[in-house]
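File shown here: query37.cif, holding mmCIF, C-alpha atoms.
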```cif
data_protein
loop_
_atom_site.group_PDB
_atom_site.id
_atom_site.type_symbol
_atom_site.label_atom_id
_atom_site.label_comp_id
_atom_site.auth_asym_id
_atom_site.auth_seq_id
_atom_site.Cartn_x
_atom_site.Cartn_y
_atom_site.Cartn_z
ATOM 1 C CA ARG A 1 -16.501 -2.649 38.870
ATOM 2 C CA GLY A 2 -19.194 -2.634 41.551
ATOM 3 C CA VAL A 3 -21.926 -2.803 38.909
ATOM 4 C CA ALA A 4 -20.193 -5.782 37.278
ATOM 5 C CA MET A 5 -19.951 -7.547 40.628
ATOM 6 C CA TRP A 6 -23.644 -7.146 41.436
ATOM 7 C CA ARG A 7 -24.574 -8.128 37.887
ATOM 8 C CA ASP A 8 -22.707 -11.386 38.437
ATOM 9 C CA PHE A 9 -24.597 -11.902 41.687
ATOM 10 C CA ALA A 10 -27.925 -11.330 39.935
ATOM 11 C CA ALA A 11 -27.022 -13.710 37.111
ATOM 12 C CA ARG A 12 -26.627 -16.531 39.594
ATOM 13 C CA ALA A 13 -29.277 -15.619 42.152
ATOM 14 C CA ASP A 14 -32.872 -16.714 41.480
ATOM 15 C CA GLY A 15 -34.729 -15.422 44.515
ATOM 16 C CA SER A 16 -34.189 -18.543 46.627
ATOM 17 C CA LEU A 17 -30.412 -18.132 46.585
ATOM 18 C CA SER A 18 -28.934 -16.080 49.415
ATOM 19 C CA ILE A 19 -26.225 -13.512 48.858
ATOM 20 C CA VAL A 20 -23.791 -15.775 50.745
ATOM 21 C CA ASP A 21 -24.524 -18.567 48.252
ATOM 22 C CA ALA A 22 -24.094 -16.121 45.406
ATOM 23 C CA LEU A 23 -20.660 -15.264 46.742
ATOM 24 C CA GLY A 24 -19.772 -18.924 46.496
ATOM 25 C CA THR A 25 -18.487 -19.630 50.000
ATOM 26 C CA THR A 26 -18.923 -23.325 49.252
ATOM 27 C CA GLY A 27 -18.589 -25.435 46.156
ATOM 28 C CA PRO A 28 -16.063 -25.676 43.353
ATOM 29 C CA ARG A 29 -13.648 -22.869 42.567
ATOM 30 C CA LYS A 30 -15.253 -21.397 39.516
ATOM 31 C CA GLY A 31 -16.248 -17.844 38.805
ATOM 32 C CA ILE A 32 -19.797 -16.562 38.970
ATOM 33 C CA ALA A 33 -21.517 -15.827 35.665
ATOM 34 C CA GLY A 34 -18.946 -13.809 33.725
ATOM 35 C CA GLY A 35 -16.255 -14.830 36.185
ATOM 36 C CA PHE A 36 -15.802 -11.438 37.828
ATOM 37 C CA VAL A 37 -16.372 -12.674 41.381
ATOM 38 C CA PRO A 38 -13.997 -15.460 42.462
ATOM 39 C CA ALA A 39 -16.123 -18.283 43.845
ATOM 40 C CA HIS A 40 -13.959 -19.317 46.794
ATOM 41 C CA PRO A 41 -12.884 -17.277 49.862
ATOM 42 C CA THR A 42 -9.194 -17.991 49.259
ATOM 43 C CA ASP A 43 -9.467 -16.883 45.647
ATOM 44 C CA ARG A 44 -11.255 -13.684 46.670
ATOM 45 C CA LEU A 45 -8.647 -12.801 49.303
ATOM 46 C CA TYR A 46 -5.614 -13.629 47.160
ATOM 47 C CA TYR A 47 -6.936 -12.382 43.831
ATOM 48 C CA PHE A 48 -4.389 -10.010 42.250
ATOM 49 C CA ASP A 49 -5.474 -6.770 40.621
ATOM 50 C CA GLY A 50 -2.830 -4.509 39.112
ATOM 51 C CA ASP A 51 -4.967 -1.387 39.462
ATOM 52 C CA PHE A 52 -5.540 -2.042 43.151
ATOM 53 C CA GLN A 53 -1.832 -2.774 43.654
ATOM 54 C CA ARG A 54 -1.062 0.730 42.397
ATOM 55 C CA LEU A 55 -3.937 2.154 44.430
ATOM 56 C CA SER A 56 -2.487 0.579 47.594
ATOM 57 C CA ALA A 57 0.893 2.178 46.971
ATOM 58 C CA VAL A 58 -0.725 5.581 46.390
ATOM 59 C CA MET A 59 -2.932 5.177 49.479
ATOM 60 C CA ALA A 60 0.084 4.331 51.656
ATOM 61 C CA ALA A 61 1.907 7.483 50.512
ATOM 62 C CA PHE A 62 -1.231 9.627 50.839
ATOM 63 C CA GLN A 63 -1.947 8.458 54.382
ATOM 64 C CA LEU A 64 1.681 8.943 55.418
ATOM 65 C CA LYS A 65 1.311 12.572 54.319
ATOM 66 C CA ASN A 66 -1.979 12.775 56.260
ATOM 67 C CA LEU A 67 -0.235 11.332 59.322
ATOM 68 C CA VAL A 68 2.448 14.014 59.194
ATOM 69 C CA ASP A 69 -0.205 16.738 58.840
ATOM 70 C CA THR A 70 -2.240 15.277 61.686
ATOM 71 C CA VAL A 71 0.749 15.413 64.039
ATOM 72 C CA LEU A 72 1.814 18.905 62.913
ATOM 73 C CA TYR A 73 -1.671 20.394 63.229
ATOM 74 C CA ASN A 74 -2.676 18.365 66.291
ATOM 75 C CA ASP A 75 -5.848 16.938 64.729
ATOM 76 C CA GLY A 76 -6.277 14.363 67.487
ATOM 77 C CA ALA A 77 -5.355 10.807 68.426
ATOM 78 C CA ILE A 78 -8.237 9.201 66.538
ATOM 79 C CA PHE A 79 -6.892 10.508 63.228
ATOM 80 C CA VAL A 80 -3.394 9.290 64.074
ATOM 81 C CA VAL A 81 -4.809 5.816 64.680
ATOM 82 C CA HIS A 82 -6.844 5.986 61.460
ATOM 83 C CA HIS A 83 -3.861 6.951 59.321
ATOM 84 C CA VAL A 84 -1.528 4.383 60.906
ATOM 85 C CA ILE A 85 -4.072 1.599 60.331
ATOM 86 C CA THR A 86 -4.670 2.672 56.730
ATOM 87 C CA VAL A 87 -0.939 2.792 55.976
ATOM 88 C CA ALA A 88 -0.455 -0.668 57.490
ATOM 89 C CA THR A 89 -3.406 -2.027 55.507
ATOM 90 C CA ALA A 90 -2.155 -0.534 52.243
ATOM 91 C CA VAL A 91 1.373 -1.893 52.691
ATOM 92 C CA LEU A 92 0.265 -5.384 53.746
ATOM 93 C CA ALA A 93 -2.213 -5.527 50.846
ATOM 94 C CA LEU A 94 0.758 -5.494 48.446
ATOM 95 C CA HIS A 95 1.382 -9.177 49.263
ATOM 96 C CA PRO A 96 -1.146 -9.379 47.363
ATOM 97 C CA PHE A 97 -3.988 -9.669 49.833
ATOM 98 C CA ALA A 98 -7.618 -8.460 49.915
ATOM 99 C CA HIS A 99 -7.508 -6.800 46.492
ATOM 100 C CA PHE A 100 -11.051 -7.876 45.641
ATOM 101 C CA HIS A 101 -12.587 -6.549 48.867
ATOM 102 C CA GLY A 102 -10.161 -3.626 49.054
ATOM 103 C CA THR A 103 -11.591 -2.171 45.851
ATOM 104 C CA PHE A 104 -14.528 -1.008 47.954
ATOM 105 C CA PHE A 105 -12.620 0.181 51.019
ATOM 106 C CA PHE A 106 -9.901 2.063 49.113
ATOM 107 C CA GLY A 107 -12.100 3.017 46.159
ATOM 108 C CA VAL A 108 -15.859 3.329 46.560
ATOM 109 C CA SER A 109 -15.722 4.435 50.199
ATOM 110 C CA GLU A 110 -13.475 7.349 49.279
ATOM 111 C CA THR A 111 -16.404 8.970 47.455
ATOM 112 C CA SER A 112 -17.487 10.662 50.663
ATOM 113 C CA THR A 113 -13.886 11.666 51.428
ATOM 114 C CA THR A 114 -13.650 13.488 48.097
ATOM 115 C CA ILE A 115 -16.754 15.536 48.891
ATOM 116 C CA LEU A 116 -15.401 16.233 52.381
ATOM 117 C CA ALA A 117 -12.196 17.610 50.849
ATOM 118 C CA VAL A 118 -14.295 20.112 48.875
ATOM 119 C CA LEU A 119 -16.325 20.978 51.976
ATOM 120 C CA ALA A 120 -13.117 21.636 53.946
ATOM 121 C CA ASN A 121 -12.460 24.670 51.771
ATOM 122 C CA PHE A 122 -15.403 26.365 53.511
ATOM 123 C CA SER A 123 -13.870 25.891 56.971
ATOM 124 C CA SER A 124 -13.137 29.112 58.839
ATOM 125 C CA ASP A 125 -10.179 27.441 60.572
ATOM 126 C CA HIS A 126 -8.470 25.426 57.820
ATOM 127 C CA GLY A 127 -10.121 26.688 54.633
ATOM 128 C CA VAL A 128 -11.002 30.048 53.119
ATOM 129 C CA PRO A 129 -12.987 32.014 55.736
ATOM 130 C CA ARG A 130 -14.776 34.217 53.197
ATOM 131 C CA LEU A 131 -16.185 31.160 51.440
ATOM 132 C CA GLU A 132 -18.042 30.199 54.597
ATOM 133 C CA ALA A 133 -19.324 33.738 55.092
ATOM 134 C CA GLU A 134 -20.338 34.546 51.520
ATOM 135 C CA TYR A 135 -21.493 31.169 50.179
ATOM 136 C CA VAL A 136 -23.576 29.843 53.032
ATOM 137 C CA ARG A 137 -26.093 27.988 50.852
ATOM 138 C CA CYS A 138 -23.353 26.437 48.743
ATOM 139 C CA ARG A 139 -21.634 25.216 51.903
ATOM 140 C CA LEU A 140 -24.876 23.747 53.197
ATOM 141 C CA ALA A 141 -25.528 22.017 49.854
ATOM 142 C CA ILE A 142 -22.053 20.459 49.748
ATOM 143 C CA GLY A 143 -22.375 19.537 53.422
ATOM 144 C CA GLY A 144 -25.707 17.848 52.720
ATOM 145 C CA LEU A 145 -24.204 15.953 49.786
ATOM 146 C CA PHE A 146 -21.334 14.808 52.000
ATOM 147 C CA ALA A 147 -23.721 13.657 54.723
ATOM 148 C CA LEU A 148 -25.826 11.728 52.201
ATOM 149 C CA SER A 149 -22.765 10.059 50.679
ATOM 150 C CA PHE A 150 -21.472 9.147 54.134
ATOM 151 C CA PHE A 151 -24.813 7.612 55.146
ATOM 152 C CA VAL A 152 -25.006 5.548 51.950
ATOM 153 C CA VAL A 153 -21.380 4.535 51.477
ATOM 154 C CA ARG A 154 -20.102 4.261 55.037
ATOM 155 C CA GLY A 155 -23.304 3.825 56.987
ATOM 156 C CA PHE A 156 -24.934 1.227 54.718
ATOM 157 C CA LEU A 157 -22.470 -0.258 52.214
ATOM 158 C CA TRP A 158 -19.464 -0.332 54.562
ATOM 159 C CA PRO A 159 -21.018 -2.808 57.068
ATOM 160 C CA VAL A 160 -22.032 -5.082 54.174
ATOM 161 C CA GLY A 161 -18.531 -5.059 52.724
ATOM 162 C CA ALA A 162 -16.992 -5.533 56.169
ATOM 163 C CA TYR A 163 -19.245 -8.520 56.867
ATOM 164 C CA PHE A 164 -18.303 -10.362 53.666
ATOM 165 C CA PHE A 165 -14.610 -9.605 54.132
ATOM 166 C CA ILE A 166 -14.580 -10.947 57.688
ATOM 167 C CA VAL A 167 -16.541 -14.044 56.612
ATOM 168 C CA ASP A 168 -13.903 -14.742 53.953
ATOM 169 C CA CYS A 169 -11.066 -14.178 56.427
ATOM 170 C CA LEU A 170 -12.585 -16.595 58.935
ATOM 171 C CA ALA A 171 -13.112 -19.169 56.184
ATOM 172 C CA VAL A 172 -9.470 -18.920 55.074
ATOM 173 C CA LEU A 173 -8.264 -19.180 58.666
ATOM 174 C CA ALA A 174 -10.473 -22.203 59.316
ATOM 175 C CA ALA A 175 -9.163 -23.918 56.173
ATOM 176 C CA ASP A 176 -5.563 -23.104 57.194
ATOM 177 C CA GLU A 177 -4.999 -21.400 53.827
ATOM 178 C CA ALA A 178 -3.872 -18.007 55.168
ATOM 179 C CA HIS A 179 -0.467 -16.770 54.028
ATOM 180 C CA ASP A 180 0.056 -15.389 57.548
ATOM 181 C CA ARG A 181 -2.510 -15.905 60.296
ATOM 182 C CA ALA A 182 -1.326 -12.844 62.216
ATOM 183 C CA VAL A 183 -1.789 -10.621 59.147
ATOM 184 C CA VAL A 184 -5.281 -11.963 58.439
ATOM 185 C CA TRP A 185 -6.355 -11.525 62.062
ATOM 186 C CA GLY A 186 -4.724 -8.098 61.980
ATOM 187 C CA PHE A 187 -6.834 -7.099 58.976
ATOM 188 C CA VAL A 188 -9.984 -8.180 60.813
ATOM 189 C CA ALA A 189 -8.984 -6.181 63.905
ATOM 190 C CA MET A 190 -8.074 -3.105 61.855
ATOM 191 C CA LEU A 191 -11.325 -3.258 59.905
ATOM 192 C CA LEU A 192 -13.354 -3.492 63.115
ATOM 193 C CA THR A 193 -11.448 -0.504 64.515
ATOM 194 C CA LEU A 194 -12.082 1.551 61.375
ATOM 195 C CA SER A 195 -15.742 0.489 61.455
ATOM 196 C CA ALA A 196 -16.054 1.784 65.017
ATOM 197 C CA MET A 197 -14.644 5.100 63.793
ATOM 198 C CA GLN A 198 -17.310 5.246 61.072
ATOM 199 C CA VAL A 199 -19.994 4.911 63.760
ATOM 200 C CA LEU A 200 -18.387 7.708 65.803
ATOM 201 C CA TRP A 201 -18.128 10.033 62.794
ATOM 202 C CA LEU A 202 -21.662 9.178 61.734
ATOM 203 C CA GLY A 203 -22.845 10.338 65.142
ATOM 204 C CA GLU A 204 -20.878 13.568 64.760
ATOM 205 C CA ILE A 205 -22.459 14.191 61.348
ATOM 206 C CA ILE A 206 -25.947 13.683 62.780
ATOM 207 C CA LEU A 207 -25.196 16.136 65.603
ATOM 208 C CA THR A 208 -23.858 18.678 63.099
ATOM 209 C CA ILE A 209 -26.989 18.359 60.941
ATOM 210 C CA TYR A 210 -29.157 18.901 64.006
ATOM 211 C CA ARG A 211 -27.122 21.880 65.206
ATOM 212 C CA GLU A 212 -26.799 23.679 61.864
ATOM 213 C CA VAL A 213 -30.017 22.720 60.084
ATOM 214 C CA LEU A 214 -32.721 21.335 62.344
ATOM 215 C CA GLN A 215 -32.131 23.353 65.503
ATOM 216 C CA PRO A 216 -32.515 26.770 63.766
ATOM 217 C CA LEU A 217 -35.777 25.549 62.234
ATOM 218 C CA VAL A 218 -37.344 24.488 65.531
ATOM 219 C CA ALA A 219 -35.885 27.266 67.686
ATOM 220 C CA PRO A 220 -38.463 29.887 68.708
ATOM 221 C CA HIS A 221 -38.092 33.171 66.845
ATOM 222 C CA PRO A 222 -37.742 36.296 68.975
ATOM 223 C CA LYS A 223 -40.858 38.428 69.074
ATOM 224 C CA THR A 224 -40.671 41.825 67.495
ATOM 225 C CA SER A 225 -42.504 44.788 68.998
#
```
If you convert what's in this file into C-alpha cells, what do you get?
Amino acid sequence: RGVAMWRDFAARADGSLSIVDALGTTGPRKGIAGGFVPAHPTDRLYYFDGDFQRLSAVMAAFQLKNLVDTVLYNDGAIFVVHHVITVATAVLALHPFAHFHGTFFFGVSETSTTILAVLANFSSDHGVPRLEAEYVRCRLAIGGLFALSFFVVRGFLWPVGAYFFIVDCLAVLAADEAHDRAVVWGFVAMLLTLSAMQVLWLGEIILTIYREVLQPLVAPHPKTS
C-alpha cells in the first residue's frame, strides 16, 4: 500500500511539484494518478477502508490487553498513557476517521514493535534468561535490527506521516468540514503526545546502544601481567 501511494506521488510529481502539491491539498477532488491517494484533505480523513476498520478493532482489543498487563506488572505511567491513547484512537477511528493516514500508524509503524516482541524473549526479567546468556550475538543482532527499524520507521517516517496528518486535520477544521471538532483536535493532541514518546524512546535506544555496544569497545582493557 505504501509503495502504491508513493508511486502515485511520483506519477504526478515532475521535480518542480512539492510533496504537498502532490498530496493535493488544493484543487478539485480527484484522485492522483491511479486514484489511490484521495486528492482533498476531507477525502483523505474520511476515506473508508474495510481492512483498516478491522485493524482498528483488533488494535483496540490488543491495547486493552496491554493496558491490563501494564497495570498488573507495573510497567510505568508512560505505558499506561500510551495504551489509553492508542485504544481511544482505535475506537474513534471506527467512525470512520483517519483510515488513510492510520494505515501507517497502525500498520507500517508496528514493524519495529514486531521485532521488539522477538527481542523481549531474550530479557532476563520478562523473557527466557538462558536465551540472553547463551545467545548473546543473536540478541545483539536482533537488538540492532530493532534499533535500525525504529530509527527508520519511527525516527524518520513517523514525523513525515504526522506532519501530513496534522496538515489535513487543520485544513478540515479550517473548512468547517470536521465531523466533530473535539475529536479532530483530540487526534492531533494524541498524535503529538505519542510523537513525544517516540523521541523519548529513541533517546533510550541510543543510550542502550552506547552502553552495550560502544562503551565496551572504547573502554580501556585491563593490563595483564
With stretch 165-187 of chain A as the partner and 8 Å as the cut-off, tabulate the residues of stretch 32-88 of chain A that qualify, each row holding the nearest pair of atoms and their distance in Å to one decimal, using all atoms listed in the file, sorted by chain and rising number, as a tab-separated table.
```
residue	atom	partner	partner_atom	distance
A:Pro41	CA	A:Asp168	CA	4.9
A:Thr42	CA	A:Val172	CA	5.9
A:Arg44	CA	A:Asp168	CA	7.8
A:Leu45	CA	A:Asp168	CA	7.3
```
If the PyMOL selection byres ((chain A and resi 60) around 12) is run on the structure shown, which residues does it catch, given as a count of residues only?
27
Of the listed residues A:Tyr73, A:Thr113, A:Ile78, A:Pro96, that which approaches A:Leu200 most closely, counting all atoms listed in the file:
A:Ile78
Need the shell around stretch 128-136 of chain A: protein/DNA/RNA residues with any atom at most 12 Å away, counting only C-alpha atoms. Skip same-chain ones fewer than 6 positions apart. Format as a PyMOL selection string?
chain A and resi 118-122+142-143+212-213
Padded axis-aligned box of stretch 131-149 of chain A (6 Å per side), centre and edge lengths, Å, one decimal, as AutoDock Vina command-line options:
```
--center_x -21.1 --center_y 22.3 --center_z 51.9 --size_x 21.9 --size_y 36.5 --size_z 18.3
```
Between A:Gly161, A:Phe151, A:Phe79, A:Asp51, which residue has the minimum interatomic distance to A:His101, considering all atoms listed in the file?
A:Gly161
Separating atom CA of A:Tyr46 from atom CA of A:Phe164, to the nearest tenth of an Å, is a gap of 14.6 Å
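The nearest approach to A:Asp43 among the residues A:Val68, A:Leu217, A:Ala141, A:Phe97, with all atoms listed in the file taken into account, belongs to A:Phe97.
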d(atom CA of A:Ser112, atom CA of A:Gly127) in Å:
18.1 Å
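Using only C-alpha atoms for every distance, the candidate list A:Ile115, A:Met197, A:Ile209, A:Leu72 yields A:Ile115 as the residue closest to A:Ser149.
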When you draw a straight line from atom CA of A:Gly203 to atom CA of A:Val71, how long is it in Å?
24.2 Å
